[in-house]
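Asker: So that you have it, the file is run.txt, and it contains compact mmCIF, C-alpha atoms:
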```txt
# COMPACT_ATOMS: atom_id res chain seq x y z
CA MET A 1 26.01 -206.05 99.35
CA SER A 2 26.48 -205.82 95.60
CA ASN A 3 29.51 -203.51 95.86
CA PRO A 4 32.52 -205.70 94.98
CA LYS A 5 34.71 -203.62 97.31
CA THR A 6 32.54 -204.45 100.34
CA LYS A 7 34.30 -206.78 102.77
CA LEU A 8 32.02 -209.55 103.94
CA ASN A 9 31.63 -211.41 107.21
CA ILE A 10 31.17 -215.06 106.23
CA ALA A 11 30.41 -218.30 108.09
CA MET A 12 31.12 -221.79 106.73
CA ILE A 13 29.13 -224.77 108.05
CA GLY A 14 29.03 -228.44 107.07
CA HIS A 15 32.64 -229.61 106.88
CA LYS A 16 34.23 -231.85 109.51
CA ARG A 17 37.13 -229.55 110.31
CA ILE A 18 39.88 -227.49 108.75
CA PRO A 19 42.75 -227.80 108.25
CA SER A 20 42.01 -231.36 107.15
CA ARG A 21 41.91 -233.71 104.18
CA GLU A 22 39.23 -235.98 105.59
CA GLY A 23 37.15 -235.47 102.45
CA GLY A 24 36.53 -233.26 99.45
CA VAL A 25 34.25 -230.91 101.41
CA GLU A 26 37.07 -230.10 103.83
CA ILE A 27 39.47 -229.31 100.97
CA VAL A 28 36.92 -227.00 99.33
CA VAL A 29 36.11 -225.15 102.57
CA GLU A 30 39.80 -224.65 103.32
CA GLU A 31 40.58 -223.35 99.83
CA LEU A 32 37.61 -220.96 99.80
CA SER A 33 38.00 -219.61 103.31
CA THR A 34 41.76 -219.03 103.26
CA ARG A 35 41.61 -217.27 99.89
CA MET A 36 38.67 -215.11 100.98
CA VAL A 37 40.63 -214.02 104.04
CA GLN A 38 43.55 -213.07 101.80
CA LEU A 39 41.13 -210.81 99.90
CA GLY A 40 40.22 -209.02 103.12
CA HIS A 41 37.01 -210.81 104.08
CA ARG A 42 36.31 -212.14 107.57
CA VAL A 43 35.63 -215.88 107.60
CA THR A 44 34.62 -218.17 110.45
CA CYS A 45 34.57 -221.94 109.97
CA TYR A 46 32.51 -224.03 112.38
CA ASN A 47 34.52 -227.21 112.96
CA ARG A 48 32.99 -230.38 114.33
CA ARG A 49 34.30 -231.90 117.50
CA GLY A 50 34.99 -235.62 117.46
CA GLY A 51 37.56 -238.01 116.08
CA HIS A 52 39.42 -237.84 112.79
CA VAL A 53 38.27 -240.34 110.14
CA GLY A 54 41.84 -241.61 109.86
CA GLY A 55 41.98 -242.65 113.52
CA LYS A 56 43.13 -241.28 116.85
CA GLU A 57 46.71 -240.75 115.67
CA PHE A 58 45.46 -237.96 113.38
CA ASN A 59 43.52 -236.11 116.08
CA THR A 60 44.95 -232.67 116.77
CA ALA A 61 44.37 -230.02 119.40
CA ARG A 62 41.53 -227.63 118.71
CA ARG A 63 42.68 -224.48 117.01
CA LYS A 64 41.13 -221.03 117.10
CA GLU A 65 42.74 -219.76 113.90
CA PHE A 66 44.20 -221.07 110.64
CA LYS A 67 45.80 -218.77 108.06
CA GLY A 68 43.62 -215.92 109.25
CA VAL A 69 40.40 -217.97 109.29
CA ARG A 70 38.61 -218.01 112.64
CA LEU A 71 37.86 -221.56 113.81
CA ARG A 72 35.04 -222.37 116.21
CA SER A 73 34.42 -225.90 117.49
CA VAL A 74 30.77 -226.83 117.98
CA LEU A 75 29.13 -229.52 120.05
CA THR A 76 28.94 -232.77 118.07
CA VAL A 77 27.44 -236.15 118.89
CA ASP A 78 30.16 -238.24 117.28
CA ILE A 79 27.97 -241.14 116.09
CA LYS A 80 27.44 -242.35 112.52
CA GLY A 81 24.54 -240.49 110.93
CA VAL A 82 24.26 -237.99 113.78
CA ALA A 83 27.55 -236.04 113.76
CA ALA A 84 26.73 -233.80 110.78
CA MET A 85 23.19 -233.23 112.02
CA THR A 86 24.17 -232.15 115.53
CA SER A 87 27.20 -230.08 114.58
CA SER A 88 25.29 -228.16 111.89
CA PHE A 89 22.41 -227.56 114.31
CA PHE A 90 24.62 -225.98 116.97
CA ALA A 91 26.67 -224.10 114.36
CA SER A 92 23.46 -222.73 112.83
CA ILE A 93 22.23 -221.44 116.18
CA ARG A 94 25.50 -219.58 116.69
CA ALA A 95 25.42 -218.25 113.12
CA ALA A 96 21.82 -217.08 113.50
CA PHE A 97 22.77 -214.84 116.43
CA SER A 98 26.07 -213.57 114.97
CA PRO A 99 26.59 -210.60 112.61
CA TYR A 100 27.34 -212.57 109.43
CA ASP A 101 26.56 -211.22 105.99
CA VAL A 102 26.57 -214.73 104.50
CA VAL A 103 26.19 -218.21 105.95
CA HIS A 104 27.52 -220.82 103.52
CA TYR A 105 26.41 -224.43 104.01
CA HIS A 106 28.28 -227.36 102.49
CA ALA A 107 26.66 -230.72 101.59
CA GLU A 108 23.11 -232.04 101.75
CA GLY A 109 22.87 -233.05 105.41
CA PRO A 110 24.11 -229.82 107.02
CA SER A 111 21.86 -227.79 104.69
CA ALA A 112 18.84 -229.14 106.58
CA MET A 113 19.60 -226.45 109.19
CA LEU A 114 19.85 -223.59 106.69
CA TRP A 115 16.38 -222.32 107.67
CA LEU A 116 17.67 -221.27 111.10
CA PRO A 117 19.96 -218.35 110.14
CA LYS A 118 17.61 -217.66 107.23
CA LEU A 119 14.85 -217.07 109.78
CA PHE A 120 17.04 -214.39 111.34
CA GLY A 121 17.57 -212.54 108.08
CA LYS A 122 20.94 -213.96 107.06
CA ARG A 123 21.82 -214.45 103.39
CA CYS A 124 22.27 -218.22 103.03
CA VAL A 125 24.17 -220.06 100.31
CA ALA A 126 24.35 -223.85 99.95
CA THR A 127 26.85 -225.94 98.01
CA ILE A 128 25.65 -229.47 97.28
CA HIS A 129 28.90 -231.38 96.75
CA GLY A 130 27.07 -234.51 95.61
CA LEU A 131 23.82 -236.39 96.15
CA ASP A 132 24.85 -237.91 99.46
CA HIS A 133 21.48 -239.61 99.95
CA ASN A 134 22.54 -242.07 97.24
CA ARG A 135 25.55 -243.28 99.22
CA ALA A 136 25.31 -246.93 100.21
CA LYS A 137 26.63 -246.49 103.76
CA TRP A 138 23.53 -244.64 105.01
CA GLY A 139 20.45 -246.22 106.55
CA ARG A 140 16.84 -245.26 105.92
CA PHE A 141 16.65 -242.36 108.38
CA ALA A 142 19.97 -240.87 107.26
CA LYS A 143 18.91 -241.04 103.60
CA TRP A 144 15.62 -239.31 104.46
CA TYR A 145 17.45 -236.60 106.38
CA LEU A 146 19.93 -236.03 103.57
CA ARG A 147 17.10 -235.65 101.06
CA LEU A 148 15.48 -233.20 103.46
CA GLY A 149 18.68 -231.16 103.47
CA GLY A 150 18.66 -230.99 99.69
CA LYS A 151 15.00 -230.00 99.68
CA ILE A 152 15.54 -227.22 102.23
CA ALA A 153 18.52 -225.93 100.24
CA ALA A 154 16.43 -225.94 97.07
CA LYS A 155 13.51 -224.14 98.72
CA HIS A 156 15.24 -221.64 100.98
CA ALA A 157 18.86 -220.97 99.96
CA ASP A 158 19.41 -217.53 98.43
CA GLU A 159 21.93 -219.17 96.12
CA LEU A 160 22.43 -222.86 95.34
CA ILE A 161 25.80 -224.09 94.04
CA VAL A 162 26.45 -227.51 92.50
CA LEU A 163 29.61 -229.12 91.16
CA SER A 164 28.27 -231.11 88.21
CA ARG A 165 25.67 -230.88 85.47
CA ASN A 166 24.07 -234.09 86.74
CA VAL A 167 23.31 -232.53 90.14
CA GLN A 168 22.27 -229.27 88.47
CA ARG A 169 19.76 -231.27 86.41
CA TYR A 170 18.55 -233.10 89.54
CA PHE A 171 17.58 -229.87 91.29
CA LYS A 172 15.85 -228.52 88.21
CA GLU A 173 13.86 -231.70 87.62
CA THR A 174 13.10 -232.45 91.29
CA TYR A 175 12.46 -228.99 92.73
CA ASN A 176 12.36 -226.73 89.67
CA ARG A 177 15.29 -224.90 91.25
CA GLU A 178 18.01 -223.32 89.14
CA ALA A 179 21.46 -224.02 90.55
CA THR A 180 24.75 -222.36 89.70
CA LEU A 181 27.47 -224.67 88.45
CA ILE A 182 30.85 -223.77 89.94
CA TYR A 183 33.54 -226.39 89.47
CA ASN A 184 36.18 -227.11 92.08
CA GLY A 185 39.73 -225.91 91.59
CA VAL A 186 43.10 -227.57 91.85
CA ASN A 187 46.54 -226.33 92.92
CA ARG A 188 49.71 -226.93 90.96
CA PRO A 189 51.79 -229.23 93.19
CA THR A 190 55.48 -229.74 93.71
CA PRO A 191 56.20 -233.46 93.16
CA LEU A 192 58.45 -235.37 95.56
CA ALA A 193 60.80 -238.29 94.96
CA PRO A 194 59.96 -241.61 96.67
CA ALA A 195 61.47 -241.48 100.16
CA LEU A 196 58.75 -242.00 102.77
CA ILE A 197 56.85 -244.42 100.55
CA ARG A 198 60.03 -246.43 99.99
CA GLU A 199 60.68 -246.55 103.73
CA LYS A 200 57.09 -247.35 104.81
CA PHE A 201 55.74 -249.43 101.93
CA GLY A 202 58.73 -250.53 99.83
CA LEU A 203 57.57 -248.50 96.81
CA ALA A 204 60.30 -247.34 94.46
CA GLY A 205 58.19 -245.25 92.11
CA ASN A 206 56.38 -246.16 88.88
CA ASP A 207 55.70 -249.58 90.38
CA TYR A 208 52.13 -249.21 91.62
CA VAL A 209 48.58 -248.39 90.59
CA LEU A 210 47.11 -245.84 93.00
CA PHE A 211 43.62 -245.29 94.40
CA LEU A 212 43.24 -242.49 96.92
CA GLY A 213 40.01 -241.57 98.68
CA ARG A 214 37.58 -242.51 101.43
CA LEU A 215 37.06 -246.26 101.71
CA VAL A 216 33.31 -246.31 101.11
CA PRO A 217 31.18 -248.62 98.90
CA GLU A 218 30.38 -246.07 96.20
CA LYS A 219 34.07 -245.64 95.34
CA GLY A 220 33.98 -248.97 93.48
CA LEU A 221 36.70 -250.62 95.55
CA ARG A 222 35.19 -254.10 95.44
CA ILE A 223 35.42 -254.22 91.64
CA LEU A 224 38.86 -252.59 91.71
CA ILE A 225 40.21 -255.42 93.86
CA GLU A 226 38.37 -258.02 91.77
CA ALA A 227 39.75 -256.53 88.54
CA PHE A 228 43.33 -256.10 89.77
CA ARG A 229 43.53 -259.72 90.89
CA LYS A 230 43.04 -260.67 87.21
CA VAL A 231 45.82 -258.40 85.95
CA HIS A 232 49.17 -260.01 85.14
CA THR A 233 51.73 -257.54 86.46
CA ASP A 234 54.34 -257.24 89.17
CA LYS A 235 53.07 -253.76 90.00
CA LYS A 236 51.21 -253.26 93.26
CA LEU A 237 47.76 -251.82 93.85
CA VAL A 238 47.98 -249.15 96.55
CA ILE A 239 44.67 -248.29 98.22
CA ALA A 240 45.20 -245.13 100.25
CA GLY A 241 42.56 -243.61 102.48
CA GLY A 242 40.68 -243.96 105.74
CA ALA A 243 37.27 -245.32 106.68
CA SER A 244 34.28 -243.00 106.88
CA ASP A 245 31.78 -244.71 109.20
CA THR A 246 32.60 -247.85 107.20
CA SER A 247 34.91 -250.02 109.33
CA ALA A 248 32.98 -253.21 108.46
CA PHE A 249 33.31 -252.40 104.75
CA VAL A 250 37.07 -251.83 105.10
CA ALA A 251 37.40 -255.21 106.82
CA GLU A 252 35.50 -256.77 103.89
CA LEU A 253 37.89 -255.14 101.39
CA LYS A 254 40.96 -256.40 103.24
CA ASN A 255 39.48 -259.89 103.29
CA LEU A 256 38.87 -259.70 99.50
CA ALA A 257 42.47 -258.59 98.97
CA ALA A 258 44.07 -261.06 101.37
CA ALA A 259 44.83 -263.64 98.67
CA ASP A 260 46.89 -261.17 96.61
CA ASP A 261 50.05 -259.87 98.26
CA ARG A 262 50.35 -257.17 95.57
CA ILE A 263 47.47 -255.21 97.18
CA LEU A 264 48.51 -252.72 99.85
CA PHE A 265 46.33 -250.64 102.18
CA THR A 266 48.11 -247.58 103.56
CA GLY A 267 45.37 -246.15 105.77
CA PHE A 268 44.73 -242.41 105.84
CA VAL A 269 47.59 -240.35 104.36
CA GLN A 270 48.44 -236.66 104.31
CA GLY A 271 51.38 -234.29 103.93
CA ASP A 272 54.55 -235.48 102.20
CA LEU A 273 53.40 -239.09 102.25
CA LEU A 274 50.33 -238.16 100.21
CA THR A 275 52.42 -236.05 97.84
CA GLU A 276 54.88 -238.88 97.27
CA LEU A 277 52.08 -241.33 96.48
CA TYR A 278 50.63 -238.98 93.84
CA SER A 279 54.08 -238.10 92.48
CA ASN A 280 55.33 -241.61 91.83
CA ALA A 281 52.31 -243.66 90.71
CA TYR A 282 52.41 -245.59 87.45
CA ILE A 283 48.74 -244.81 86.93
CA TYR A 284 45.90 -243.45 89.07
CA THR A 285 42.46 -245.07 89.09
CA LEU A 286 39.08 -243.92 90.38
CA PRO A 287 36.40 -246.62 89.88
CA SER A 288 33.56 -244.66 91.56
CA ASP A 289 29.85 -245.27 91.08
CA LEU A 290 29.01 -241.86 92.57
CA GLU A 291 30.90 -238.56 92.76
CA GLY A 292 30.22 -234.87 93.16
CA MET A 293 33.32 -233.50 91.51
CA PRO A 294 36.26 -235.83 92.17
CA LEU A 295 39.05 -233.76 93.71
CA SER A 296 41.35 -236.77 94.01
CA LEU A 297 41.12 -237.31 90.23
CA MET A 298 41.89 -233.63 89.61
CA GLU A 299 44.83 -233.79 92.02
CA ALA A 300 46.17 -236.94 90.38
CA MET A 301 46.07 -235.20 87.00
CA SER A 302 47.78 -232.13 88.46
CA PHE A 303 50.73 -234.39 89.32
CA GLY A 304 50.90 -235.49 85.68
CA ASN A 305 49.41 -238.95 86.17
CA CYS A 306 47.82 -241.14 83.56
CA CYS A 307 44.30 -241.63 84.96
CA LEU A 308 41.72 -244.39 84.51
CA ALA A 309 38.24 -243.63 85.86
CA SER A 310 34.71 -245.01 85.66
CA ASP A 311 32.60 -243.53 82.89
CA ILE A 312 30.20 -241.60 85.13
CA PRO A 313 29.79 -238.03 83.82
CA GLU A 314 31.42 -236.49 86.90
CA CYS A 315 34.65 -238.33 86.07
CA THR A 316 34.59 -238.13 82.28
CA ASP A 317 33.91 -234.37 82.44
CA VAL A 318 37.17 -233.98 84.36
CA ILE A 319 39.41 -236.28 82.34
CA ALA A 320 37.90 -235.33 78.94
CA ASP A 321 40.28 -236.80 76.36
CA ARG A 322 43.26 -236.57 78.74
CA GLY A 323 42.65 -239.94 80.41
CA LEU A 324 40.87 -243.27 79.99
CA SER A 325 37.58 -244.62 81.26
CA PHE A 326 35.88 -247.98 81.73
CA ARG A 327 32.25 -249.02 82.13
CA ARG A 328 31.06 -248.26 85.64
CA GLY A 329 30.72 -251.36 87.79
CA ASP A 330 32.26 -253.64 85.13
CA ALA A 331 35.20 -255.48 86.68
CA GLU A 332 36.03 -257.25 83.42
CA ASP A 333 36.33 -253.97 81.51
CA LEU A 334 38.39 -252.44 84.32
CA ALA A 335 40.72 -255.45 84.30
CA ARG A 336 41.17 -255.14 80.51
CA GLN A 337 42.04 -251.46 80.77
CA LEU A 338 44.45 -252.02 83.65
CA GLN A 339 46.16 -254.82 81.76
CA ARG A 340 46.43 -252.66 78.66
CA LEU A 341 48.11 -249.85 80.61
CA CYS A 342 50.43 -252.17 82.53
CA ASP A 343 51.54 -253.74 79.22
CA ASP A 344 52.07 -250.42 77.39
CA PRO A 345 54.29 -247.87 79.19
CA ALA A 346 54.42 -245.75 76.02
CA LEU A 347 50.63 -245.32 76.15
CA VAL A 348 50.88 -244.27 79.80
CA GLU A 349 53.49 -241.68 78.86
CA ARG A 350 51.26 -240.28 76.12
CA TYR A 351 48.46 -239.70 78.61
CA ARG A 352 50.87 -238.16 81.10
CA ALA A 353 52.12 -235.58 78.60
CA GLY A 354 50.61 -232.15 79.20
CA VAL A 355 47.88 -233.35 81.55
CA ALA A 356 49.13 -231.30 84.52
CA ASP A 357 49.08 -228.06 82.52
CA TYR A 358 45.63 -228.90 81.17
CA ILE A 359 43.98 -229.51 84.55
CA CYS A 360 45.70 -226.65 86.41
CA GLU A 361 44.77 -224.11 83.74
CA LYS A 362 41.16 -225.29 83.44
CA TYR A 363 40.30 -225.49 87.15
CA ASN A 364 41.55 -222.55 89.17
CA TRP A 365 40.72 -221.87 92.83
CA ASP A 366 41.03 -218.09 92.47
CA ALA A 367 38.34 -218.16 89.77
CA VAL A 368 36.15 -220.34 92.01
CA VAL A 369 36.48 -217.81 94.84
CA GLU A 370 35.62 -214.92 92.52
CA GLN A 371 32.47 -216.69 91.30
CA THR A 372 31.45 -217.61 94.85
CA LEU A 373 31.90 -214.07 96.15
CA ALA A 374 29.75 -212.80 93.28
CA LEU A 375 26.95 -215.09 94.48
CA TYR A 376 27.41 -213.90 98.05
CA ARG A 377 26.80 -210.35 96.82
CA GLY A 378 23.79 -211.33 94.73
CA GLU A 379 25.38 -210.34 91.44
CA GLU A 380 23.87 -211.68 88.23
CA HIS A 381 25.33 -214.98 87.16
CA ASN A 382 25.03 -217.73 84.57
CA THR A 383 23.58 -220.92 86.05
CA ASN A 384 25.36 -222.92 83.35
CA ALA A 385 28.83 -221.56 84.06
```
Would you mind writing the file's structure down as structure tokens?

Answerer:
Amino acid sequence: MSNPKTKLNIAMIGHKRIPSREGGVEIVVEELSTRMVQLGHRVTCYNRRGGHVGGKEFNTARRKEFKGVRLRSVLTVDIKGVAAMTSSFFASIRAAFSPYDVVHYHAEGPSAMLWLPKLFGKRCVATIHGLDHNRAKWGRFAKWYLRLGGKIAAKHADELIVLSRNVQRYFKETYNREATLIYNGVNRPTPLAPALIREKFGLAGNDYVLFLGRLVPEKGLRILIEAFRKVHTDKKLVIAGGASDTSAFVAELKNLAAADDRILFTGFVQGDLLTELYSNAYIYTLPSDLEGMPLSLMEAMSFGNCCLASDIPECTDVIADRGLSFRRGDAEDLARQLQRLCDDPALVERYRAGVADYICEKYNWDAVVEQTLALYRGEEHNTNA
């Protein structure tokens, strides 16, 4: 399999579904699989059945193909903490009995089933997008199962991919397993003028602070709302994204924000509406306590936004000196930084200058695909890439 001209038959397991923007995993799987197909490889993605995280209005008919990628829907028990487990189990059974050269698992939980195709002689690769067992939304059993997935990936995957040095260090220290660091990529976007966002939300452009992502506790949304309520500005705070097994948490956030009519929840967004929100923000903020590699932050920078993120390494590695950070979990520090940026448009412009070129040149999906295919073939690689 080491011949770079050999065309591979590849399976992807662990995402919710593609095409979709329900989370970072889905974006990564879509980018990898569609590009691999363009290079002549055969790729099958095992999509979960069940509802879209954004709600019933985003549910679409099952597809059998997307941009040359074969799509197969697998039986899924659509219950919190069980959906990933059941879908990856049934996908793994199908993969074990199919003629794949490589079975690529994504995320900790789905990787718990990696042993199945491995037992049948398949080459298995796992990408750990983040340490999901640390996420606050999961109960005791789910956390145990997620850790089990990481352990199985560490012990049995032919190749282990991580997105940050923190997670790379975790696998070395916990399991004495070397992992290959392959960063995510980002596409250069085409910005859009404010049309849909003006119509739907009354946003004219440059008049709002944007957060975009899943509405889950580890994204730091409680302190974002607390901090923004202390900021003296007529700009709005736009919180864009859907729940992810966290409807009670979303209700809590809306209750916290109820006293401030500057705070707007859009729900799940995609397509031109998403593009317009990125294109016309005054600043973008990501106050996360936990990330793998924050695709929303990379996308915000690709649109030329001034970005303010928590000082966790996964965020500061991305923004480098091209954005600002605040102390993780510190609402007072976040409020100070937000106030500073709202009061100083010239500073915002300085951070906007050149940031899109920087991020798009540094993180390239074609390079990610090339590195991933090299691992599929078992070629020598640098674990500290």

Asker: Considering all atoms listed in the file, can you say which of A:Asn9, A:Asn134, A:Asn184, A:Ser20 comes closest to His41 (chain A)?

Answerer: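 Nearest to His41 (chain A): A:Asn9.
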
Asker: Using all atoms listed in the file, which residues sit within 6 Å of region 216-218 of chain A once same-chain residues fewer than 3 positions away are excluded, as a ChimeraX atom specification?

Answerer: /A:288-290

Asker: How would the residues just chosen look if you wrote them out with C-alpha atoms as a compact mmCIF listing (two decimals), in the frame of the given file?

Answerer:
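This went into result.txt:
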```txt
# COMPACT_ATOMS: atom_id res chain seq x y z
CA SER A 288 33.56 -244.66 91.56
CA ASP A 289 29.85 -245.27 91.08
CA LEU A 290 29.01 -241.86 92.57
```

Asker: Provide the CA of Tyr363 (chain A) to CA of Cys342 (chain A) distance in Å, to one decimal place.

Answerer: 28.9 Å

Asker: Quick one: pull the distance between CA of Phe326 (chain A) and CA of Ala309 (chain A), Å, one decimal.

Answerer: 6.4 Å

Asker: Between A:Val368, A:Ala335, A:Ile93, A:Leu146, which has the minimum distance to Lys122 (chain A) (counting only C-alpha atoms)?

Answerer: A:Ile93

Asker: For Met301 (chain A), work out the shell of residues within 8 Å, counting all atoms listed in the file and skipping chain neighbours fewer than 6 positions away, then give it as a ChimeraX atom specification.

Answerer: /A:307,355-356,359

Asker: Using only C-alpha atoms, determine which residues lie at most 12 Å from Leu224 (chain A), disregarding the query and same-chain residues fewer than 3 positions distant; provide the list as a PyMOL selection string.

Answerer: chain A and resi 209-211+215+217-221+227-231+237-239+253+256-257+263+284-289+308-310+326+328-338

Asker: Please dump the current selection as a PDB file, in the coordinates of the input; keep C-alpha atoms.

Answerer:
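And here's result-v1.pdb as it stands now:
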```pdb
ATOM      1  CA  VAL A 209      48.580-248.390  90.590  1.00  0.00           C
ATOM      2  CA  LEU A 210      47.110-245.840  93.000  1.00  0.00           C
ATOM      3  CA  PHE A 211      43.620-245.290  94.400  1.00  0.00           C
ATOM      4  CA  LEU A 215      37.060-246.260 101.710  1.00  0.00           C
ATOM      5  CA  PRO A 217      31.180-248.620  98.900  1.00  0.00           C
ATOM      6  CA  GLU A 218      30.380-246.070  96.200  1.00  0.00           C
ATOM      7  CA  LYS A 219      34.070-245.640  95.340  1.00  0.00           C
ATOM      8  CA  GLY A 220      33.980-248.970  93.480  1.00  0.00           C
ATOM      9  CA  LEU A 221      36.700-250.620  95.550  1.00  0.00           C
ATOM     10  CA  ALA A 227      39.750-256.530  88.540  1.00  0.00           C
ATOM     11  CA  PHE A 228      43.330-256.100  89.770  1.00  0.00           C
ATOM     12  CA  ARG A 229      43.530-259.720  90.890  1.00  0.00           C
ATOM     13  CA  LYS A 230      43.040-260.670  87.210  1.00  0.00           C
ATOM     14  CA  VAL A 231      45.820-258.400  85.950  1.00  0.00           C
ATOM     15  CA  LEU A 237      47.760-251.820  93.850  1.00  0.00           C
ATOM     16  CA  VAL A 238      47.980-249.150  96.550  1.00  0.00           C
ATOM     17  CA  ILE A 239      44.670-248.290  98.220  1.00  0.00           C
ATOM     18  CA  LEU A 253      37.890-255.140 101.390  1.00  0.00           C
ATOM     19  CA  LEU A 256      38.870-259.700  99.500  1.00  0.00           C
ATOM     20  CA  ALA A 257      42.470-258.590  98.970  1.00  0.00           C
ATOM     21  CA  ILE A 263      47.470-255.210  97.180  1.00  0.00           C
ATOM     22  CA  TYR A 284      45.900-243.450  89.070  1.00  0.00           C
ATOM     23  CA  THR A 285      42.460-245.070  89.090  1.00  0.00           C
ATOM     24  CA  LEU A 286      39.080-243.920  90.380  1.00  0.00           C
ATOM     25  CA  PRO A 287      36.400-246.620  89.880  1.00  0.00           C
ATOM     26  CA  SER A 288      33.560-244.660  91.560  1.00  0.00           C
ATOM     27  CA  ASP A 289      29.850-245.270  91.080  1.00  0.00           C
ATOM     28  CA  LEU A 308      41.720-244.390  84.510  1.00  0.00           C
ATOM     29  CA  ALA A 309      38.240-243.630  85.860  1.00  0.00           C
ATOM     30  CA  SER A 310      34.710-245.010  85.660  1.00  0.00           C
ATOM     31  CA  PHE A 326      35.880-247.980  81.730  1.00  0.00           C
ATOM     32  CA  ARG A 328      31.060-248.260  85.640  1.00  0.00           C
ATOM     33  CA  GLY A 329      30.720-251.360  87.790  1.00  0.00           C
ATOM     34  CA  ASP A 330      32.260-253.640  85.130  1.00  0.00           C
ATOM     35  CA  ALA A 331      35.200-255.480  86.680  1.00  0.00           C
ATOM     36  CA  GLU A 332      36.030-257.250  83.420  1.00  0.00           C
ATOM     37  CA  ASP A 333      36.330-253.970  81.510  1.00  0.00           C
ATOM     38  CA  LEU A 334      38.390-252.440  84.320  1.00  0.00           C
ATOM     39  CA  ALA A 335      40.720-255.450  84.300  1.00  0.00           C
ATOM     40  CA  ARG A 336      41.170-255.140  80.510  1.00  0.00           C
ATOM     41  CA  GLN A 337      42.040-251.460  80.770  1.00  0.00           C
ATOM     42  CA  LEU A 338      44.450-252.020  83.650  1.00  0.00           C
TER      43      LEU A 338
END
```

Asker: Which one is closest to Ile13 (chain A): A:Thr76, A:Gln38, A:Ser87, A:Thr233? Count all atoms listed in the file.

Answerer: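 Closest to Ile13 (chain A) of all the choices is A:Ser87.
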
Asker: Looking at all atoms listed in the file, which of A:Val162, A:Leu277, A:Leu203, A:Ala142 is the one that sits closest to Phe303 (chain A)?

Answerer: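 Distance minimum relative to Phe303 (chain A) lands on A:Leu277.
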
Asker: Would you mind listing what lies within 9 Å of Leu71 (chain A) as an MDAnalysis selection string, with all atoms listed in the file counted and same-chain residues fewer than 3 positions away left out?

Answerer: chainID A and resid 17:18 43:47 62:66

Asker: Near Thr266 (chain A), counting only C-alpha atoms, which residues have an atom at most 10 Å away, once you skip same-chain residues fewer than 4 positions from it, shown as a VMD selection string?

Answerer: chain A and resid 197 200 to 201 212 238 to 242

Asker: Could you tell me how far CA of Val29 (chain A) sits from CA of Cys306 (chain A), in Å to one decimal place?

Answerer: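 Atom-to-atom, CA of Cys306 (chain A) to CA of Val29 (chain A), that is 27.5 Å.
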
Asker: With distances taken over only C-alpha atoms, which of A:Asp321, A:Asp344, A:Glu314, A:Glu299 is nearest to Tyr282 (chain A)?

Answerer: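 For Tyr282 (chain A), the nearest of the candidates is A:Asp344.
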
Asker: Which residue is closest to Asp260 (chain A)? Choose from A:His104, A:Lys236, A:Arg21, A:Arg169 and count all atoms listed in the file.

Answerer: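 The closest residue to Asp260 (chain A) is A:Lys236.
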
Asker: Within 6 Å of (28.0, -231.8, 105.3) (file coordinates; only C-alpha atoms), which protein or nucleic acid residues are there? I'd like them as a ChimeraX atom specification.

Answerer: /A:14-15,84,106-107,109-110
